[in-house]
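Notes follow once the structure below has been shown.
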Amino acid sequence: MRVLVVGGGAREHAICKAVCNSDGELYSFMKNLNPGIKRLAKDYFIHNETDADKVLEYALKKKIELAIIGPEAPEEAGVTNLLEENGIKVASPSKEAAEIETSKEFMRNLMEKYRIKGSVKCKAFSNVELAKEFIEMLDGEVAVKPIGLTGGKGVKVAGDHFNSIEEAAAYAKEVIEKGIGGHHKVLIEEKVVGEEFTLQAFCDGKTIYPMPAVQDHKRLLPGDKGPNTGGMGSYSHKSGILPFMNPDDYEEAATILQKIIEALRKENRQYKGVIYGQFMLTSDGVKVIEINARFGDPEAMNVLPLLKTNFIDICMAMVEGNLSSKKISFDSKSTVCKYVVPEGYGMKPIAGKEIFVDEKGIKKAGGLLFYASVNEKNGKIYTTTSRSLAIVGIADEIEDAEKICEESLKYVKGDVFIRHDIGKKELIEKRIKHMEILRS
Ligand code: AMP
């Protein structure tokens with residue numbers, strides 16, 4: 001089957017590998033030249049991924065039978081809609097269904113309208129004074145969020161990024177006045193405390209099939225300090241849940257995703273594709289932090305290499321609405337993924353620096369390599385301002401997967417930064433303890 005993957009990051013590299021492992025003929029549409037995807041693809045086109053007309057033109061020219069959209073921005077730009085209007089099957093949500101991610105206000109309103117458990121106190125404002133009053137009502141214990149897309153970097157949280165009602169209100173004002181995230185509006189949410197986890201699920205509009213849970217690390221620096229980033233790395237456990245969770249927590253999160261899908265269907269926004277729930281496990285159960293309309297990046301790299309079922313078959317089942325008849329299974333292994341990012345990432349990233357990747361060494365060490373936002377020129381690899389590449393270790397235990405990941409990372413050199421604490425025993429034990437304290 002001729003399959004088009006839109007996007008050129010590490011998540012898309014993982015999707016492309018899954019397509020090729022399922023005997024698909026791969027075509028790629030990406031804004032940067034990802035060296036990993038370039039090697040896998042029968043053909044590729046370098047262009048802005050949100051240019052729906054150009055994606056369609058390319059897809060028609062290459063007689064694409066199935067398209068998969070990796071990032072959220074092309075979904076918001078209506079790429080799915082345009083391809084479908086022209087008879088091309090797409091295993092990703094329409095612009096309307098993807099609003100579950102592209103508008104945080106829509107997501108919260110939907111959860112409220114359909115009384116879906118797991119939401120938090122929240123309200124959207126376009127008036128600075130009213131936003132401040134709400135922040136005061138919540139004693140400044142809030143998360144301040146742009147309504148639209150900011151690449152995971154626009155959210156600021158009390159205690160982490162500001163320490164007073166005044167500072168929270170000042171950021172809310174900035175979001176409203178500058179229109180951060182594309183709207184002159186801000187969402188103020190009650191701050192919830194706990195351990196975060198991601199649950200991704202395949203979805204055909206009616207049924208979901210949840211994948212193994214993953215924990216991402218959004219903060220830039222070791223010990224969960226520094227600004228929020230696109231994600232610095234992640235891990236998963238062979239049991240399918242995480243060491244600080246129990247099976248009921250997983251079920252609770254899966255039920256929330258199922259109810260969101262049902263609500264979207266009732267709103268005539270039938271959802272097909274991968275849905276992603278970012279949850280906080282609190283003393284009061286599972287809370288929704290955000291919903292995304294795609295695979296997570298890095299979380300795709302934890303789950304896709306474990307997938308035992310033919311990925312294209314799953315995509316077709318999502319498109320055709322018969323996911324419930326599919327048998328899907330994952331290898332019972334633990335994974336650790338660490339991102340290599342350019343020096344200064346999250347603050348003042350240095351682009352255009354050469355990085356040296358010894359692919360043979362990585363392979364020998366047992367790691368999987370996923371290229372992200374790098375550019376290849378004359379056989380050399382250069383950083384951009386975004387994350388450069390990710391390495392994944394896979395083993396029975398998290399500890400061993402982490403060691404494989406670290407051993408492989410020795411074969412990447414340059415002016416780069418890595419959060420080495422991800423997947424380490426100390427950090428995982430800290431998370432287990434944190435949850436024990438919260439539940440006691
Ligand atoms: P988001 O882009 O909505 O996923 O938010 C980025 C990060 O901010 C999340 O991964 C959380 O760590 C944190 N965050 C977002 N919303 C809340 C909230 N209501 N309470 C506590 N932390 C939050």
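Each chain of the structure tokens is named A, B, ... in the order shown, its residues numbered from 1; ligands are numbered from 1 in display order.
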
Could I get the residues of range 158-246 of chain A with an atom no further than 6 Å from an atom of range 266-286 of chain A, each paired with its nearest atom pair and that distance in Å to one decimal, using only C-alpha atoms, sorted by chain and residue number, as a tab-separated table?
```
residue	atom	partner	partner_atom	distance
A:Val193	CA	A:Thr282	CA	6.0
A:Gly194	CA	A:Thr282	CA	4.5
A:Glu195	CA	A:Leu281	CA	5.2
A:Glu196	CA	A:Met280	CA	4.3
A:Phe197	CA	A:Phe279	CA	5.3
A:Thr198	CA	A:Gln278	CA	4.7
A:Leu199	CA	A:Gly277	CA	5.2
A:Gln200	CA	A:Tyr276	CA	4.3
A:Ala201	CA	A:Ile275	CA	5.4
A:Phe202	CA	A:Val274	CA	4.6
A:Cys203	CA	A:Lys272	CA	5.3
A:Asp204	CA	A:Lys272	CA	4.6
A:Gly205	CA	A:Tyr271	CA	4.5
```

Please, which residues have at least one atom within 10 Å of an atom of ligand 1, using only C-alpha atoms and all ligand atoms, listed as a PDB file with N, CA and C atoms, in the first residue's frame?
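As written to disk, out_27.pdb reads:
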```
ATOM      1  N   GLU A 101      -7.666  18.960  20.720  1.00  0.00           N
ATOM      2  CA  GLU A 101      -6.315  19.444  21.069  1.00  0.00           C
ATOM      3  C   GLU A 101      -6.120  20.918  20.746  1.00  0.00           C
ATOM      4  N   LYS A 104      -8.004  24.232  23.878  1.00  0.00           N
ATOM      5  CA  LYS A 104      -8.116  23.701  25.245  1.00  0.00           C
ATOM      6  C   LYS A 104      -9.466  24.087  25.849  1.00  0.00           C
ATOM      7  N   SER A 119     -12.169  16.188  34.960  1.00  0.00           N
ATOM      8  CA  SER A 119     -11.783  17.551  34.595  1.00  0.00           C
ATOM      9  C   SER A 119     -11.386  18.328  35.856  1.00  0.00           C
ATOM     10  N   VAL A 120     -10.941  19.551  35.671  1.00  0.00           N
ATOM     11  CA  VAL A 120     -10.528  20.374  36.823  1.00  0.00           C
ATOM     12  C   VAL A 120     -11.312  21.688  36.769  1.00  0.00           C
ATOM     13  N   LYS A 121     -11.302  22.432  37.900  1.00  0.00           N
ATOM     14  CA  LYS A 121     -11.949  23.758  37.876  1.00  0.00           C
ATOM     15  C   LYS A 121     -11.215  24.616  36.862  1.00  0.00           C
ATOM     16  N   CYS A 122     -11.964  25.261  35.962  1.00  0.00           N
ATOM     17  CA  CYS A 122     -11.271  26.080  34.965  1.00  0.00           C
ATOM     18  C   CYS A 122     -12.231  27.037  34.287  1.00  0.00           C
ATOM     19  N   GLU A 141      -3.227  29.222  42.993  1.00  0.00           N
ATOM     20  CA  GLU A 141      -2.796  27.826  42.727  1.00  0.00           C
ATOM     21  C   GLU A 141      -3.366  27.397  41.377  1.00  0.00           C
ATOM     22  N   VAL A 142      -2.773  27.931  40.320  1.00  0.00           N
ATOM     23  CA  VAL A 142      -3.359  27.762  38.986  1.00  0.00           C
ATOM     24  C   VAL A 142      -2.321  27.370  37.942  1.00  0.00           C
ATOM     25  N   ALA A 143      -2.855  26.889  36.809  1.00  0.00           N
ATOM     26  CA  ALA A 143      -2.056  26.755  35.586  1.00  0.00           C
ATOM     27  C   ALA A 143      -2.639  27.768  34.609  1.00  0.00           C
ATOM     28  N   VAL A 144      -1.770  28.540  33.959  1.00  0.00           N
ATOM     29  CA  VAL A 144      -2.214  29.563  33.004  1.00  0.00           C
ATOM     30  C   VAL A 144      -1.872  29.059  31.607  1.00  0.00           C
ATOM     31  N   LYS A 145      -2.917  28.947  30.760  1.00  0.00           N
ATOM     32  CA  LYS A 145      -2.714  28.287  29.465  1.00  0.00           C
ATOM     33  C   LYS A 145      -3.245  29.104  28.292  1.00  0.00           C
ATOM     34  N   PRO A 146      -2.434  29.246  27.261  1.00  0.00           N
ATOM     35  CA  PRO A 146      -2.995  29.754  26.007  1.00  0.00           C
ATOM     36  C   PRO A 146      -4.040  28.751  25.512  1.00  0.00           C
ATOM     37  N   ILE A 147      -5.055  29.213  24.787  1.00  0.00           N
ATOM     38  CA  ILE A 147      -6.122  28.312  24.336  1.00  0.00           C
ATOM     39  C   ILE A 147      -5.637  27.387  23.217  1.00  0.00           C
ATOM     40  N   GLY A 148      -4.817  27.943  22.319  1.00  0.00           N
ATOM     41  CA  GLY A 148      -4.422  27.198  21.121  1.00  0.00           C
ATOM     42  C   GLY A 148      -3.051  26.555  21.228  1.00  0.00           C
ATOM     43  N   LEU A 149      -2.490  26.209  20.072  1.00  0.00           N
ATOM     44  CA  LEU A 149      -1.243  25.432  20.032  1.00  0.00           C
ATOM     45  C   LEU A 149      -0.008  26.288  20.331  1.00  0.00           C
ATOM     46  N   THR A 150       0.857  25.757  21.195  1.00  0.00           N
ATOM     47  CA  THR A 150       2.132  26.445  21.481  1.00  0.00           C
ATOM     48  C   THR A 150       3.285  25.438  21.510  1.00  0.00           C
ATOM     49  N   GLY A 151       3.075  24.279  20.915  1.00  0.00           N
ATOM     50  CA  GLY A 151       4.140  23.261  20.896  1.00  0.00           C
ATOM     51  C   GLY A 151       4.513  22.791  22.293  1.00  0.00           C
ATOM     52  N   GLY A 152       3.554  22.813  23.225  1.00  0.00           N
ATOM     53  CA  GLY A 152       3.785  22.327  24.593  1.00  0.00           C
ATOM     54  C   GLY A 152       4.578  23.299  25.448  1.00  0.00           C
ATOM     55  N   LYS A 153       4.786  24.524  24.932  1.00  0.00           N
ATOM     56  CA  LYS A 153       5.681  25.416  25.672  1.00  0.00           C
ATOM     57  C   LYS A 153       4.986  26.647  26.256  1.00  0.00           C
ATOM     58  N   GLY A 154       3.675  26.760  26.093  1.00  0.00           N
ATOM     59  CA  GLY A 154       3.009  28.000  26.519  1.00  0.00           C
ATOM     60  C   GLY A 154       2.396  27.958  27.907  1.00  0.00           C
ATOM     61  N   VAL A 155       2.387  26.769  28.541  1.00  0.00           N
ATOM     62  CA  VAL A 155       1.693  26.634  29.831  1.00  0.00           C
ATOM     63  C   VAL A 155       2.628  27.012  30.974  1.00  0.00           C
ATOM     64  N   LYS A 156       2.104  27.806  31.923  1.00  0.00           N
ATOM     65  CA  LYS A 156       2.898  28.125  33.121  1.00  0.00           C
ATOM     66  C   LYS A 156       2.098  27.754  34.362  1.00  0.00           C
ATOM     67  N   VAL A 157       2.818  27.208  35.341  1.00  0.00           N
ATOM     68  CA  VAL A 157       2.145  26.624  36.503  1.00  0.00           C
ATOM     69  C   VAL A 157       2.685  27.227  37.806  1.00  0.00           C
ATOM     70  N   ALA A 158       1.762  27.478  38.761  1.00  0.00           N
ATOM     71  CA  ALA A 158       2.139  28.031  40.074  1.00  0.00           C
ATOM     72  C   ALA A 158       3.184  27.152  40.742  1.00  0.00           C
ATOM     73  N   GLY A 159       4.170  27.793  41.337  1.00  0.00           N
ATOM     74  CA  GLY A 159       5.210  27.040  42.039  1.00  0.00           C
ATOM     75  C   GLY A 159       6.349  26.647  41.118  1.00  0.00           C
ATOM     76  N   ASP A 160       6.033  26.436  39.830  1.00  0.00           N
ATOM     77  CA  ASP A 160       7.064  26.052  38.866  1.00  0.00           C
ATOM     78  C   ASP A 160       7.566  27.266  38.091  1.00  0.00           C
ATOM     79  N   HIS A 161       6.623  28.077  37.632  1.00  0.00           N
ATOM     80  CA  HIS A 161       7.002  29.190  36.753  1.00  0.00           C
ATOM     81  C   HIS A 161       6.650  30.544  37.334  1.00  0.00           C
ATOM     82  N   LEU A 187      -6.810  30.388  29.305  1.00  0.00           N
ATOM     83  CA  LEU A 187      -7.536  29.413  30.123  1.00  0.00           C
ATOM     84  C   LEU A 187      -6.840  29.337  31.474  1.00  0.00           C
ATOM     85  N   ILE A 188      -7.614  29.561  32.526  1.00  0.00           N
ATOM     86  CA  ILE A 188      -7.059  29.440  33.877  1.00  0.00           C
ATOM     87  C   ILE A 188      -7.601  28.140  34.471  1.00  0.00           C
ATOM     88  N   GLU A 189      -6.695  27.294  34.925  1.00  0.00           N
ATOM     89  CA  GLU A 189      -7.097  26.011  35.512  1.00  0.00           C
ATOM     90  C   GLU A 189      -6.599  25.910  36.941  1.00  0.00           C
ATOM     91  N   GLU A 190      -7.358  25.222  37.750  1.00  0.00           N
ATOM     92  CA  GLU A 190      -6.900  24.863  39.085  1.00  0.00           C
ATOM     93  C   GLU A 190      -5.637  24.004  38.941  1.00  0.00           C
ATOM     94  N   LYS A 191      -4.623  24.256  39.762  1.00  0.00           N
ATOM     95  CA  LYS A 191      -3.417  23.424  39.701  1.00  0.00           C
ATOM     96  C   LYS A 191      -3.685  22.105  40.433  1.00  0.00           C
ATOM     97  N   VAL A 192      -3.386  21.010  39.781  1.00  0.00           N
ATOM     98  CA  VAL A 192      -3.524  19.711  40.451  1.00  0.00           C
ATOM     99  C   VAL A 192      -2.139  19.120  40.691  1.00  0.00           C
ATOM    100  N   VAL A 193      -2.042  18.336  41.758  1.00  0.00           N
ATOM    101  CA  VAL A 193      -0.733  17.811  42.150  1.00  0.00           C
ATOM    102  C   VAL A 193      -0.742  16.294  42.067  1.00  0.00           C
ATOM    103  N   GLY A 194       0.297  15.730  41.481  1.00  0.00           N
ATOM    104  CA  GLY A 194       0.383  14.276  41.402  1.00  0.00           C
ATOM    105  C   GLY A 194       1.485  13.849  40.452  1.00  0.00           C
ATOM    106  N   GLU A 195       1.330  12.686  39.874  1.00  0.00           N
ATOM    107  CA  GLU A 195       2.277  12.174  38.891  1.00  0.00           C
ATOM    108  C   GLU A 195       1.586  12.107  37.535  1.00  0.00           C
ATOM    109  N   GLU A 196       2.294  12.591  36.523  1.00  0.00           N
ATOM    110  CA  GLU A 196       1.701  12.623  35.186  1.00  0.00           C
ATOM    111  C   GLU A 196       1.949  11.331  34.422  1.00  0.00           C
ATOM    112  N   PHE A 197       1.016  10.972  33.599  1.00  0.00           N
ATOM    113  CA  PHE A 197       1.248   9.865  32.666  1.00  0.00           C
ATOM    114  C   PHE A 197       0.460  10.085  31.373  1.00  0.00           C
ATOM    115  N   THR A 198       0.912   9.410  30.338  1.00  0.00           N
ATOM    116  CA  THR A 198       0.272   9.520  29.027  1.00  0.00           C
ATOM    117  C   THR A 198      -0.394   8.206  28.689  1.00  0.00           C
ATOM    118  N   ASP A 216       6.206  10.909  30.256  1.00  0.00           N
ATOM    119  CA  ASP A 216       7.078  11.874  29.564  1.00  0.00           C
ATOM    120  C   ASP A 216       7.694  12.804  30.614  1.00  0.00           C
ATOM    121  N   HIS A 217       8.716  13.535  30.231  1.00  0.00           N
ATOM    122  CA  HIS A 217       9.352  14.524  31.122  1.00  0.00           C
ATOM    123  C   HIS A 217       9.406  15.839  30.378  1.00  0.00           C
ATOM    124  N   LYS A 218       8.454  16.719  30.707  1.00  0.00           N
ATOM    125  CA  LYS A 218       8.308  17.957  29.938  1.00  0.00           C
ATOM    126  C   LYS A 218       9.332  19.017  30.328  1.00  0.00           C
ATOM    127  N   ARG A 219       9.796  18.947  31.566  1.00  0.00           N
ATOM    128  CA  ARG A 219      10.688  20.018  32.023  1.00  0.00           C
ATOM    129  C   ARG A 219      12.092  19.800  31.475  1.00  0.00           C
ATOM    130  N   ASP A 224      13.196  17.613  37.173  1.00  0.00           N
ATOM    131  CA  ASP A 224      11.989  18.337  36.749  1.00  0.00           C
ATOM    132  C   ASP A 224      12.051  19.821  37.058  1.00  0.00           C
ATOM    133  N   PRO A 227      12.160  25.342  32.264  1.00  0.00           N
ATOM    134  CA  PRO A 227      10.932  25.567  31.476  1.00  0.00           C
ATOM    135  C   PRO A 227      10.346  24.288  30.897  1.00  0.00           C
ATOM    136  N   ASN A 228       9.070  24.355  30.516  1.00  0.00           N
ATOM    137  CA  ASN A 228       8.448  23.232  29.809  1.00  0.00           C
ATOM    138  C   ASN A 228       9.006  23.166  28.388  1.00  0.00           C
ATOM    139  N   THR A 229       9.143  21.949  27.899  1.00  0.00           N
ATOM    140  CA  THR A 229       9.665  21.744  26.545  1.00  0.00           C
ATOM    141  C   THR A 229       8.677  20.865  25.772  1.00  0.00           C
ATOM    142  N   GLY A 230       9.041  20.496  24.568  1.00  0.00           N
ATOM    143  CA  GLY A 230       8.235  19.538  23.816  1.00  0.00           C
ATOM    144  C   GLY A 230       8.276  18.143  24.432  1.00  0.00           C
ATOM    145  N   GLY A 231       9.194  17.920  25.373  1.00  0.00           N
ATOM    146  CA  GLY A 231       9.355  16.600  26.015  1.00  0.00           C
ATOM    147  C   GLY A 231      10.811  16.174  25.891  1.00  0.00           C
ATOM    148  N   GLY A 277      -4.088  11.058  25.767  1.00  0.00           N
ATOM    149  CA  GLY A 277      -4.507  11.714  27.012  1.00  0.00           C
ATOM    150  C   GLY A 277      -3.309  11.971  27.903  1.00  0.00           C
ATOM    151  N   GLN A 278      -3.159  13.230  28.320  1.00  0.00           N
ATOM    152  CA  GLN A 278      -2.133  13.555  29.323  1.00  0.00           C
ATOM    153  C   GLN A 278      -2.887  13.641  30.655  1.00  0.00           C
ATOM    154  N   PHE A 279      -2.524  12.770  31.572  1.00  0.00           N
ATOM    155  CA  PHE A 279      -3.279  12.689  32.829  1.00  0.00           C
ATOM    156  C   PHE A 279      -2.382  12.987  34.022  1.00  0.00           C
ATOM    157  N   MET A 280      -3.010  13.433  35.102  1.00  0.00           N
ATOM    158  CA  MET A 280      -2.303  13.579  36.375  1.00  0.00           C
ATOM    159  C   MET A 280      -2.993  12.627  37.350  1.00  0.00           C
ATOM    160  N   LYS A 287      -6.871  12.909  36.708  1.00  0.00           N
ATOM    161  CA  LYS A 287      -7.350  14.190  36.162  1.00  0.00           C
ATOM    162  C   LYS A 287      -6.773  14.418  34.776  1.00  0.00           C
ATOM    163  N   VAL A 288      -7.569  15.037  33.902  1.00  0.00           N
ATOM    164  CA  VAL A 288      -7.095  15.326  32.543  1.00  0.00           C
ATOM    165  C   VAL A 288      -6.302  16.626  32.542  1.00  0.00           C
ATOM    166  N   ILE A 289      -5.089  16.569  32.014  1.00  0.00           N
ATOM    167  CA  ILE A 289      -4.273  17.783  31.854  1.00  0.00           C
ATOM    168  C   ILE A 289      -4.464  18.324  30.446  1.00  0.00           C
ATOM    169  N   GLU A 290      -4.369  17.466  29.474  1.00  0.00           N
ATOM    170  CA  GLU A 290      -4.699  17.867  28.107  1.00  0.00           C
ATOM    171  C   GLU A 290      -4.971  16.635  27.247  1.00  0.00           C
ATOM    172  N   ILE A 291      -5.660  16.879  26.148  1.00  0.00           N
ATOM    173  CA  ILE A 291      -5.911  15.797  25.183  1.00  0.00           C
ATOM    174  C   ILE A 291      -5.263  16.216  23.869  1.00  0.00           C
ATOM    175  N   ASN A 292      -4.522  15.307  23.260  1.00  0.00           N
ATOM    176  CA  ASN A 292      -3.914  15.596  21.968  1.00  0.00           C
ATOM    177  C   ASN A 292      -4.518  14.694  20.890  1.00  0.00           C
TER     178      ASN A 292
END
```

Quiz item: Neighbours of Leu33 in chain A within 7 Å (only C-alpha atoms; same-chain residues fewer than 6 positions away dropped), as a list in words?
Solution: Ile46, Asn375 and Glu376 of chain A

Emit the selected residues as a CSV table (one decimal), in the first residue's frame, including C-alpha atoms.
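The resulting file, selection_29.csv, is reproduced below:
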```csv
chain,number,residue,atom,x,y,z
A,46,ILE,CA,10.2,19.1,1.6
A,375,ASN,CA,19.0,18.9,8.6
A,376,GLU,CA,21.2,16.8,6.5
```

Exercise. Mind checking which residues fall within 12 Å of range 26-28 of chain A, counting only C-alpha atoms, ignoring those fewer than 3 positions away in the same chain, and posting them as a PyMOL selection string?
Key: chain A and resi 1-9+12-13+15-23+31-47+49+55+58-70+312

Write a file of the selected residues as a short mmCIF file (atom, residue, chain, number, x, y, z; two decimals), in the first residue's frame, keeping N, CA and C atoms.
```
data_model
loop_
_atom_site.label_atom_id
_atom_site.label_comp_id
_atom_site.auth_asym_id
_atom_site.auth_seq_id
_atom_site.Cartn_x
_atom_site.Cartn_y
_atom_site.Cartn_z
N MET A 1 0.83 -1.21 0.00
CA MET A 1 0.00 0.00 0.00
C MET A 1 0.86 1.25 0.00
N ARG A 2 0.43 2.28 -0.74
CA ARG A 2 1.20 3.54 -0.83
C ARG A 2 0.75 4.46 0.31
N VAL A 3 1.65 4.67 1.24
CA VAL A 3 1.29 5.39 2.47
C VAL A 3 2.07 6.69 2.57
N LEU A 4 1.36 7.78 2.83
CA LEU A 4 2.00 9.08 3.01
C LEU A 4 2.03 9.44 4.50
N VAL A 5 3.20 9.76 5.01
CA VAL A 5 3.29 10.27 6.39
C VAL A 5 3.67 11.74 6.32
N VAL A 6 2.86 12.57 6.97
CA VAL A 6 3.13 14.01 7.00
C VAL A 6 3.86 14.34 8.30
N GLY A 7 5.00 15.01 8.20
CA GLY A 7 5.77 15.40 9.38
C GLY A 7 7.17 14.81 9.33
N GLY A 8 8.13 15.55 9.89
CA GLY A 8 9.53 15.12 9.79
C GLY A 8 10.25 15.03 11.11
N GLY A 9 9.54 14.79 12.20
CA GLY A 9 10.17 14.69 13.52
C GLY A 9 10.48 13.25 13.89
N GLU A 12 7.46 11.07 13.77
CA GLU A 12 7.14 10.63 12.40
C GLU A 12 8.13 9.57 11.93
N HIS A 13 9.39 9.69 12.37
CA HIS A 13 10.37 8.65 12.02
C HIS A 13 9.90 7.30 12.58
N ILE A 15 6.75 6.49 13.21
CA ILE A 15 5.56 6.10 12.43
C ILE A 15 6.02 5.50 11.08
N CYS A 16 6.99 6.15 10.47
CA CYS A 16 7.50 5.68 9.17
C CYS A 16 8.09 4.27 9.29
N LYS A 17 8.84 4.04 10.38
CA LYS A 17 9.40 2.69 10.59
C LYS A 17 8.27 1.67 10.70
N ALA A 18 7.22 2.05 11.45
CA ALA A 18 6.09 1.12 11.62
C ALA A 18 5.41 0.84 10.28
N VAL A 19 5.30 1.86 9.45
CA VAL A 19 4.71 1.68 8.11
C VAL A 19 5.55 0.71 7.29
N CYS A 20 6.88 0.93 7.32
CA CYS A 20 7.76 0.06 6.52
C CYS A 20 7.77 -1.37 7.06
N ASN A 21 7.72 -1.50 8.40
CA ASN A 21 7.66 -2.85 8.99
C ASN A 21 6.36 -3.57 8.65
N SER A 22 5.37 -2.80 8.21
CA SER A 22 4.07 -3.40 7.84
C SER A 22 3.96 -3.52 6.32
N ASP A 23 5.11 -3.49 5.64
CA ASP A 23 5.17 -3.65 4.19
C ASP A 23 4.51 -2.52 3.41
N LYS A 31 8.83 19.23 6.60
CA LYS A 31 9.38 20.59 6.42
C LYS A 31 10.90 20.62 6.51
N ASN A 32 11.50 19.58 7.12
CA ASN A 32 12.96 19.49 7.18
C ASN A 32 13.36 18.13 6.64
N LEU A 33 14.60 18.02 6.24
CA LEU A 33 15.02 16.73 5.69
C LEU A 33 15.50 15.82 6.82
N ASN A 34 14.59 14.95 7.25
CA ASN A 34 14.91 13.99 8.32
C ASN A 34 15.69 12.83 7.68
N PRO A 35 16.97 12.63 8.08
CA PRO A 35 17.80 11.62 7.40
C PRO A 35 17.26 10.20 7.54
N GLY A 36 16.60 9.91 8.66
CA GLY A 36 16.05 8.57 8.89
C GLY A 36 14.89 8.31 7.96
N ILE A 37 14.01 9.30 7.83
CA ILE A 37 12.83 9.15 6.97
C ILE A 37 13.27 9.10 5.51
N LYS A 38 14.23 9.95 5.18
CA LYS A 38 14.74 10.01 3.79
C LYS A 38 15.17 8.60 3.33
N ARG A 39 15.83 7.89 4.24
CA ARG A 39 16.34 6.57 3.88
C ARG A 39 15.22 5.55 3.70
N LEU A 40 14.15 5.70 4.49
CA LEU A 40 13.06 4.72 4.43
C LEU A 40 12.10 4.96 3.26
N ALA A 41 11.99 6.24 2.86
CA ALA A 41 10.92 6.61 1.93
C ALA A 41 11.27 6.28 0.48
N LYS A 42 10.23 5.90 -0.25
CA LYS A 42 10.37 5.69 -1.71
C LYS A 42 10.57 7.06 -2.36
N ASP A 43 9.87 8.07 -1.78
CA ASP A 43 9.99 9.43 -2.30
C ASP A 43 9.62 10.39 -1.17
N TYR A 44 10.13 11.62 -1.24
CA TYR A 44 9.76 12.61 -0.21
C TYR A 44 9.67 13.99 -0.82
N PHE A 45 8.99 14.88 -0.10
CA PHE A 45 8.81 16.25 -0.56
C PHE A 45 9.04 17.17 0.63
N ILE A 46 9.92 18.15 0.46
CA ILE A 46 10.23 19.07 1.57
C ILE A 46 9.44 20.35 1.37
N HIS A 47 8.53 20.61 2.31
CA HIS A 47 7.69 21.81 2.20
C HIS A 47 6.97 22.00 3.53
N GLU A 49 4.41 21.80 6.19
CA GLU A 49 3.42 20.72 6.37
C GLU A 49 1.98 21.22 6.54
N VAL A 55 0.05 19.40 0.10
CA VAL A 55 0.00 18.00 0.55
C VAL A 55 -0.91 17.21 -0.39
N TYR A 58 0.70 16.62 -3.81
CA TYR A 58 1.72 15.56 -3.73
C TYR A 58 1.06 14.18 -3.60
N ALA A 59 0.03 14.12 -2.74
CA ALA A 59 -0.64 12.83 -2.50
C ALA A 59 -1.31 12.31 -3.78
N LEU A 60 -1.91 13.21 -4.55
CA LEU A 60 -2.57 12.79 -5.79
C LEU A 60 -1.53 12.33 -6.81
N LYS A 61 -0.45 13.10 -6.88
CA LYS A 61 0.62 12.77 -7.84
C LYS A 61 1.21 11.39 -7.55
N LYS A 62 1.32 11.06 -6.26
CA LYS A 62 1.94 9.78 -5.88
C LYS A 62 0.92 8.66 -5.69
N LYS A 63 -0.34 8.95 -6.00
CA LYS A 63 -1.43 7.96 -5.90
C LYS A 63 -1.48 7.32 -4.51
N ILE A 64 -1.45 8.19 -3.50
CA ILE A 64 -1.45 7.73 -2.11
C ILE A 64 -2.79 7.07 -1.76
N GLU A 65 -2.70 5.93 -1.06
CA GLU A 65 -3.93 5.20 -0.68
C GLU A 65 -4.31 5.47 0.78
N LEU A 66 -3.28 5.78 1.59
CA LEU A 66 -3.54 6.03 3.02
C LEU A 66 -2.56 7.10 3.50
N ALA A 67 -3.11 8.10 4.24
CA ALA A 67 -2.23 9.13 4.79
C ALA A 67 -2.32 9.12 6.31
N ILE A 68 -1.19 9.44 6.95
CA ILE A 68 -1.14 9.55 8.41
C ILE A 68 -0.50 10.91 8.71
N ILE A 69 -1.19 11.70 9.52
CA ILE A 69 -0.67 13.04 9.85
C ILE A 69 0.00 12.94 11.22
N GLY A 70 1.28 13.23 11.30
CA GLY A 70 2.01 13.13 12.56
C GLY A 70 1.73 14.27 13.52
N ILE A 312 -0.30 -0.87 9.52
CA ILE A 312 -1.19 -0.39 8.44
C ILE A 312 -2.58 -1.00 8.59
#
```

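Distance annotation: of A:Glu406, A:Glu177, A:Glu252, A:Glu262, the residue with the minimal separation from Ala97 in chain A is A:Glu262; atom set is only C-alpha atoms.
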
Self-check item: Point-to-point distance in Å for CA of Phe295 in chain A and CA of Glu397 in chain A
Solution: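 Separating CA of Glu397 in chain A from CA of Phe295 in chain A is a distance of 23.7 Å.
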
Exercise. To one decimal in Å, tell me the separation between CA of Val214 in chain A and CA of Glu436 in chain A.
Key: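 Taking CA of Val214 in chain A as the start and CA of Glu436 in chain A as the end point, the length is 19.0 Å.
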